[in-house]
$ cat final_2.cif   # mmCIF, C-alpha atoms
data_work
loop_
_atom_site.group_PDB
_atom_site.id
_atom_site.type_symbol
_atom_site.label_atom_id
_atom_site.label_comp_id
_atom_site.auth_asym_id
_atom_site.auth_seq_id
_atom_site.Cartn_x
_atom_site.Cartn_y
_atom_site.Cartn_z
ATOM 1 C CA MET I 1 -38.361 37.959 35.019
ATOM 2 C CA ALA I 2 -34.603 37.918 34.686
ATOM 3 C CA TYR I 3 -34.328 35.015 32.303
ATOM 4 C CA GLY I 4 -35.870 34.315 28.938
ATOM 5 C CA ARG I 5 -36.942 31.133 27.234
ATOM 6 C CA LEU I 6 -35.966 27.768 28.685
ATOM 7 C CA ARG I 7 -35.916 24.408 26.940
ATOM 8 C CA LEU I 8 -35.611 20.856 28.149
ATOM 9 C CA ASP I 9 -31.981 19.906 27.619
ATOM 10 C CA HIS I 10 -31.848 16.418 29.083
ATOM 11 C CA ILE I 11 -33.168 13.925 31.595
ATOM 12 C CA ALA I 12 -30.671 12.347 33.971
ATOM 13 C CA VAL I 13 -31.103 8.765 35.150
ATOM 14 C CA VAL I 14 -28.927 8.202 38.218
ATOM 15 C CA ALA I 15 -27.508 4.777 39.015
ATOM 16 C CA ARG I 16 -25.036 3.083 41.343
ATOM 17 C CA ASN I 17 -23.058 2.000 38.299
ATOM 18 C CA LEU I 18 -23.408 2.316 34.542
ATOM 19 C CA ASP I 19 -24.147 -1.351 33.919
ATOM 20 C CA GLU I 20 -27.108 -1.243 36.280
ATOM 21 C CA GLY I 21 -28.345 2.004 34.767
ATOM 22 C CA CYS I 22 -28.079 0.755 31.193
ATOM 23 C CA SER I 23 -29.840 -2.494 32.091
ATOM 24 C CA TYR I 24 -32.681 -0.420 33.516
ATOM 25 C CA ILE I 25 -33.024 1.517 30.256
ATOM 26 C CA LYS I 26 -32.953 -1.733 28.297
ATOM 27 C CA ASP I 27 -35.701 -3.212 30.474
ATOM 28 C CA MET I 28 -37.880 -0.100 30.388
ATOM 29 C CA LEU I 29 -37.375 1.193 26.839
ATOM 30 C CA GLY I 30 -36.001 -1.826 24.973
ATOM 31 C CA VAL I 31 -32.880 -0.077 23.672
ATOM 32 C CA ASP I 32 -29.172 -0.210 24.402
ATOM 33 C CA MET I 33 -27.526 2.979 25.645
ATOM 34 C CA PRO I 34 -24.711 4.158 23.342
ATOM 35 C CA LYS I 35 -21.360 5.206 24.728
ATOM 36 C CA GLY I 36 -20.844 8.476 26.549
ATOM 37 C CA GLY I 37 -17.801 9.834 28.323
ATOM 38 C CA ALA I 38 -16.187 10.770 31.621
ATOM 39 C CA HIS I 39 -16.209 13.875 33.817
ATOM 40 C CA PRO I 40 -12.829 14.018 35.596
ATOM 41 C CA ARG I 41 -13.814 17.023 37.720
ATOM 42 C CA MET I 42 -16.745 15.065 39.180
ATOM 43 C CA GLY I 43 -15.391 11.513 39.096
ATOM 44 C CA THR I 44 -18.381 10.317 37.074
ATOM 45 C CA HIS I 45 -19.115 8.833 33.667
ATOM 46 C CA ASN I 46 -22.206 8.443 31.534
ATOM 47 C CA ARG I 47 -24.037 6.973 28.570
ATOM 48 C CA LEU I 48 -26.030 9.198 26.213
ATOM 49 C CA VAL I 49 -28.788 8.810 23.648
ATOM 50 C CA SER I 50 -30.710 11.331 21.572
ATOM 51 C CA LEU I 51 -34.363 12.085 22.279
ATOM 52 C CA GLY I 52 -34.560 14.070 19.061
ATOM 53 C CA GLY I 53 -33.451 17.619 18.323
ATOM 54 C CA ASP I 54 -31.585 19.286 21.175
ATOM 55 C CA THR I 55 -32.779 16.903 23.886
ATOM 56 C CA TYR I 56 -31.206 13.711 25.196
ATOM 57 C CA LEU I 57 -31.327 11.014 27.852
ATOM 58 C CA GLU I 58 -28.349 10.467 30.139
ATOM 59 C CA VAL I 59 -27.449 7.605 32.456
ATOM 60 C CA ILE I 60 -24.860 8.797 34.969
ATOM 61 C CA ALA I 61 -22.937 7.066 37.767
ATOM 62 C CA ILE I 62 -19.734 7.268 39.785
ATOM 63 C CA ASP I 63 -16.707 6.236 37.727
ATOM 64 C CA PRO I 64 -14.941 3.542 39.796
ATOM 65 C CA ASP I 65 -11.682 4.144 37.914
ATOM 66 C CA ALA I 66 -11.578 7.894 38.550
ATOM 67 C CA PRO I 67 -9.913 9.546 41.547
ATOM 68 C CA ARG I 68 -12.321 10.849 44.144
ATOM 69 C CA PRO I 69 -12.959 14.534 43.368
ATOM 70 C CA ASP I 70 -12.104 17.312 45.806
ATOM 71 C CA ARG I 71 -15.774 18.271 46.035
ATOM 72 C CA ALA I 72 -19.164 16.562 46.297
ATOM 73 C CA ARG I 73 -20.229 14.850 43.087
ATOM 74 C CA TRP I 74 -23.231 16.223 41.240
ATOM 75 C CA PHE I 75 -26.687 14.571 41.071
ATOM 76 C CA ASN I 76 -26.258 13.548 44.731
ATOM 77 C CA LEU I 77 -24.322 10.504 43.530
ATOM 78 C CA ASP I 78 -22.178 10.325 46.679
ATOM 79 C CA GLN I 79 -25.338 9.516 48.640
ATOM 80 C CA PHE I 80 -27.182 7.467 46.029
ATOM 81 C CA ASP I 81 -27.700 3.773 46.818
ATOM 82 C CA GLU I 82 -31.005 2.810 45.192
ATOM 83 C CA ALA I 83 -32.313 1.222 42.027
ATOM 84 C CA PRO I 84 -31.805 3.394 38.936
ATOM 85 C CA ARG I 85 -34.356 6.155 38.434
ATOM 86 C CA ILE I 86 -34.790 9.552 36.853
ATOM 87 C CA GLY I 87 -32.926 11.759 39.290
ATOM 88 C CA THR I 88 -33.628 15.171 37.832
ATOM 89 C CA TRP I 89 -34.218 17.186 34.695
ATOM 90 C CA ILE I 90 -32.009 19.881 33.216
ATOM 91 C CA LEU I 91 -33.175 23.007 31.406
ATOM 92 C CA GLY I 92 -31.073 24.719 28.771
ATOM 93 C CA THR I 93 -30.618 28.474 28.837
ATOM 94 C CA ASP I 94 -28.626 31.034 26.886
ATOM 95 C CA ASN I 95 -27.741 32.870 30.107
ATOM 96 C CA ILE I 96 -27.368 30.676 33.172
ATOM 97 C CA ASP I 97 -26.447 33.564 35.466
ATOM 98 C CA ASP I 98 -29.755 35.279 34.749
ATOM 99 C CA ALA I 99 -31.647 31.988 35.025
ATOM 100 C CA LEU I 100 -30.216 31.345 38.473
ATOM 101 C CA THR I 101 -31.434 34.685 39.820
ATOM 102 C CA CYS I 102 -34.952 33.243 39.711
ATOM 103 C CA ALA I 103 -34.104 29.622 40.525
ATOM 104 C CA HIS I 104 -34.672 27.643 43.695
ATOM 105 C CA PRO I 105 -32.390 28.988 46.465
ATOM 106 C CA GLN I 106 -30.690 25.585 46.753
ATOM 107 C CA SER I 107 -29.813 25.436 43.051
ATOM 108 C CA GLY I 108 -26.197 26.310 43.740
ATOM 109 C CA PRO I 109 -23.777 28.273 41.569
ATOM 110 C CA ALA I 110 -22.990 27.726 37.914
ATOM 111 C CA ILE I 111 -19.711 25.864 37.524
ATOM 112 C CA ASP I 112 -17.512 25.377 34.472
ATOM 113 C CA MET I 113 -17.327 21.856 33.068
ATOM 114 C CA ALA I 114 -15.504 20.210 30.186
ATOM 115 C CA ARG I 115 -15.422 16.800 28.512
ATOM 116 C CA GLY I 116 -13.140 16.459 25.530
ATOM 117 C CA ASP I 117 -13.814 19.445 23.288
ATOM 118 C CA LEU I 118 -17.179 20.158 24.926
ATOM 119 C CA THR I 119 -17.507 22.955 27.481
ATOM 120 C CA TRP I 120 -20.519 24.083 29.438
ATOM 121 C CA ARG I 121 -21.748 25.701 32.644
ATOM 122 C CA ILE I 122 -24.214 23.907 34.904
ATOM 123 C CA SER I 123 -25.825 24.669 38.259
ATOM 124 C CA VAL I 124 -24.510 22.385 41.014
ATOM 125 C CA PRO I 125 -25.008 22.917 44.775
ATOM 126 C CA GLU I 126 -21.815 22.803 46.814
ATOM 127 C CA ASP I 127 -22.972 19.674 48.650
ATOM 128 C CA GLY I 128 -23.901 17.880 45.407
ATOM 129 C CA SER I 129 -27.595 17.697 46.292
ATOM 130 C CA MET I 130 -30.450 18.558 43.946
ATOM 131 C CA PRO I 131 -33.026 21.261 44.712
ATOM 132 C CA MET I 132 -36.281 19.763 45.972
ATOM 133 C CA GLY I 133 -34.728 16.313 45.620
ATOM 134 C CA GLY I 134 -34.428 16.762 41.859
ATOM 135 C CA ALA I 135 -37.968 18.028 41.241
ATOM 136 C CA PHE I 136 -36.731 21.563 40.595
ATOM 137 C CA PRO I 137 -34.549 21.490 37.470
ATOM 138 C CA SER I 138 -30.888 22.223 37.140
ATOM 139 C CA PHE I 139 -29.786 24.725 34.485
ATOM 140 C CA ILE I 140 -27.177 24.313 31.777
ATOM 141 C CA GLU I 141 -25.583 26.672 29.271
ATOM 142 C CA TRP I 142 -23.688 24.973 26.467
ATOM 143 C CA ARG I 143 -20.770 26.564 24.690
ATOM 144 C CA ALA I 144 -21.319 24.445 21.625
ATOM 145 C CA ASP I 145 -22.931 24.860 18.220
ATOM 146 C CA PRO I 146 -24.632 22.721 17.151
ATOM 147 C CA HIS I 147 -26.058 21.389 20.403
ATOM 148 C CA PRO I 148 -24.203 18.196 21.426
ATOM 149 C CA ALA I 149 -27.433 16.181 21.268
ATOM 150 C CA ARG I 150 -27.378 16.617 17.500
ATOM 151 C CA LYS I 151 -24.286 14.406 17.359
ATOM 152 C CA MET I 152 -25.608 11.658 19.624
ATOM 153 C CA ILE I 153 -26.803 8.297 18.354
ATOM 154 C CA ASP I 154 -30.512 8.327 17.533
ATOM 155 C CA VAL I 155 -32.248 4.989 18.148
ATOM 156 C CA GLY I 156 -35.759 6.375 17.662
ATOM 157 C CA LEU I 157 -36.585 7.619 21.158
ATOM 158 C CA ARG I 158 -38.821 10.696 21.421
ATOM 159 C CA LEU I 159 -39.994 12.273 24.655
ATOM 160 C CA LYS I 160 -43.749 12.870 24.631
ATOM 161 C CA GLU I 161 -44.327 14.160 28.153
ATOM 162 C CA LEU I 162 -42.419 14.748 31.374
ATOM 163 C CA ARG I 163 -44.349 14.716 34.644
ATOM 164 C CA ILE I 164 -42.868 16.187 37.803
ATOM 165 C CA GLU I 165 -44.461 14.835 40.989
ATOM 166 C CA HIS I 166 -43.683 16.462 44.342
ATOM 167 C CA PRO I 167 -45.530 17.533 47.524
ATOM 168 C CA GLN I 168 -44.715 21.181 46.643
ATOM 169 C CA ALA I 169 -45.171 20.881 42.890
ATOM 170 C CA GLN I 170 -47.296 24.029 42.977
ATOM 171 C CA GLU I 171 -44.185 26.004 43.967
ATOM 172 C CA ILE I 172 -42.238 24.897 40.895
ATOM 173 C CA GLU I 173 -44.708 25.576 38.124
ATOM 174 C CA PRO I 174 -45.147 29.362 38.644
ATOM 175 C CA VAL I 175 -41.386 29.938 38.396
ATOM 176 C CA LEU I 176 -41.219 28.252 34.993
ATOM 177 C CA ALA I 177 -44.732 28.900 33.642
ATOM 178 C CA GLY I 178 -44.793 30.430 30.194
ATOM 179 C CA ARG I 179 -41.035 30.079 29.679
ATOM 180 C CA LEU I 180 -40.729 26.430 28.683
ATOM 181 C CA ASP I 181 -40.369 25.586 25.013
ATOM 182 C CA GLY I 182 -40.898 22.213 23.418
ATOM 183 C CA VAL I 183 -42.078 19.053 25.133
ATOM 184 C CA SER I 184 -45.099 18.990 27.445
ATOM 185 C CA ILE I 185 -44.084 19.258 31.108
ATOM 186 C CA VAL I 186 -46.734 18.570 33.736
ATOM 187 C CA PHE I 187 -46.519 19.322 37.462
ATOM 188 C CA GLU I 188 -48.508 17.192 39.886
ATOM 189 C CA ILE I 189 -48.836 17.306 43.669
ATOM 190 C CA ALA I 190 -47.915 13.899 45.108
ATOM 191 C CA ASP I 191 -46.780 12.374 48.388
ATOM 192 C CA HIS I 192 -43.251 11.747 47.121
ATOM 193 C CA MET I 193 -40.872 13.139 44.519
ATOM 194 C CA ARG I 194 -40.930 11.256 41.250
ATOM 195 C CA ILE I 195 -40.190 12.170 37.659
ATOM 196 C CA VAL I 196 -42.064 10.223 34.994
ATOM 197 C CA ALA I 197 -41.260 10.337 31.277
ATOM 198 C CA GLN I 198 -43.517 9.088 28.502
ATOM 199 C CA ILE I 199 -41.176 8.104 25.683
ATOM 200 C CA GLU I 200 -42.038 6.932 22.194
ATOM 201 C CA THR I 201 -39.793 4.020 21.236
ATOM 202 C CA PRO I 202 -39.531 1.668 18.233
ATOM 203 C CA PHE I 203 -41.622 -0.720 20.369
ATOM 204 C CA GLY I 204 -44.401 1.700 21.295
ATOM 205 C CA THR I 205 -44.781 4.324 23.999
ATOM 206 C CA LYS I 206 -42.992 3.360 27.229
ATOM 207 C CA THR I 207 -42.863 4.856 30.718
ATOM 208 C CA LEU I 208 -39.585 5.698 32.408
ATOM 209 C CA PHE I 209 -39.396 6.893 36.005
#

$ encode --input "final_2.cif" --output "structure tokens"
Amino acid sequence: MAYGRLRLDHIAVVARNLDEGCSYIKDMLGVDMPKGGAHPRMGTHNRLVSLGGDTYLEVIAIDPDAPRPDRARWFNLDQFDEAPRIGTWILGTDNIDDALTCAHPQSGPAIDMARGDLTWRISVPEDGSMPMGGAFPSFIEWRADPHPARKMIDVGLRLKELRIEHPQAQEIEPVLAGRLDGVSIVFEIADHMRIVAQIETPFGTKTLF
């Protein structure tokens, strides 16, 4: 295949606003989300916490103080009006252009992003949607060393397993099979799309979805 090894970069929890998203994490995992930053190009902001190593958890929402961007926001946030949930998962790659040659056809192009001194490229469809409703991962290529997750606050969260549920889950697994490093990722046929994370916390293993 065109691309090499892939690794889980982060899990994105989408929310109508950051307060609601952070309250959800507090209720589900028992921890407070540390500060994050803003994405002027997308009109969004986030909170970030380490999951150990080069993996992290993100809560992301529309930034009410930012001007509306001249394009659709990522993570389908322009259309999102539900309780917070895991919206999608993002795989890290050393060559996003090659990765996208074998990705879902609705994955979109790789666009350049920046926040402070961080720069990266990430796959974002033109309409801001997520392939297969978020079940098929987005791809990211960081231009940073060390990985930005290494500098995030670590409150003792560790991802044990990520389960991807979708009616066409069997179409996702073959594309990624044998190329995923690190955490256990399970694909399961289900009536509806849902992403479920088993996370070890200072208070025991918790479920986030």

$ resolve_selection --input "final_2.cif" --expression "the PyMOL selection byres ((chain I and resi 169) around 10)" --output "number ranges by chain"
I: 132, 135-136, 164-168, 170-174, 186-190, 193

$ closest_residue --input "final_2.cif" --among "I:Ala99, I:Ile199, I:Met130, I:Leu118" --to "I:Ala144" --atoms "only C-alpha atoms"
I:Leu118

$ atom_distance --input "final_2.cif" --atom1 "atom CA of I:Asp54" --atom2 "atom CA of I:Asp145"
10.7 Å

$ resolve_selection --input "final_2.cif" --expression "the PyMOL selection byres ((chain I and resi 142) around 8)" --output "ChimeraX atom specification"
/I:92,94,119-121,140-141,143-144,147

$ residues_near_point --input "final_2.cif" --point "(-43.4, 18.6, 30.0)" --cutoff "8 Å" --atoms "only C-alpha atoms" --output "number ranges by chain"
I: 160-163, 182-186

$ resolve_selection --input "final_2.cif" --expression "the PyMOL selection byres ((chain I and resi 77) around 8)" --output "list in words"
Val14, Ala15, Arg16, Ala61, Ile62, Arg73, Trp74, Phe75, Asn76, Asp78, Gln79, Phe80 and Gly128 of chain I
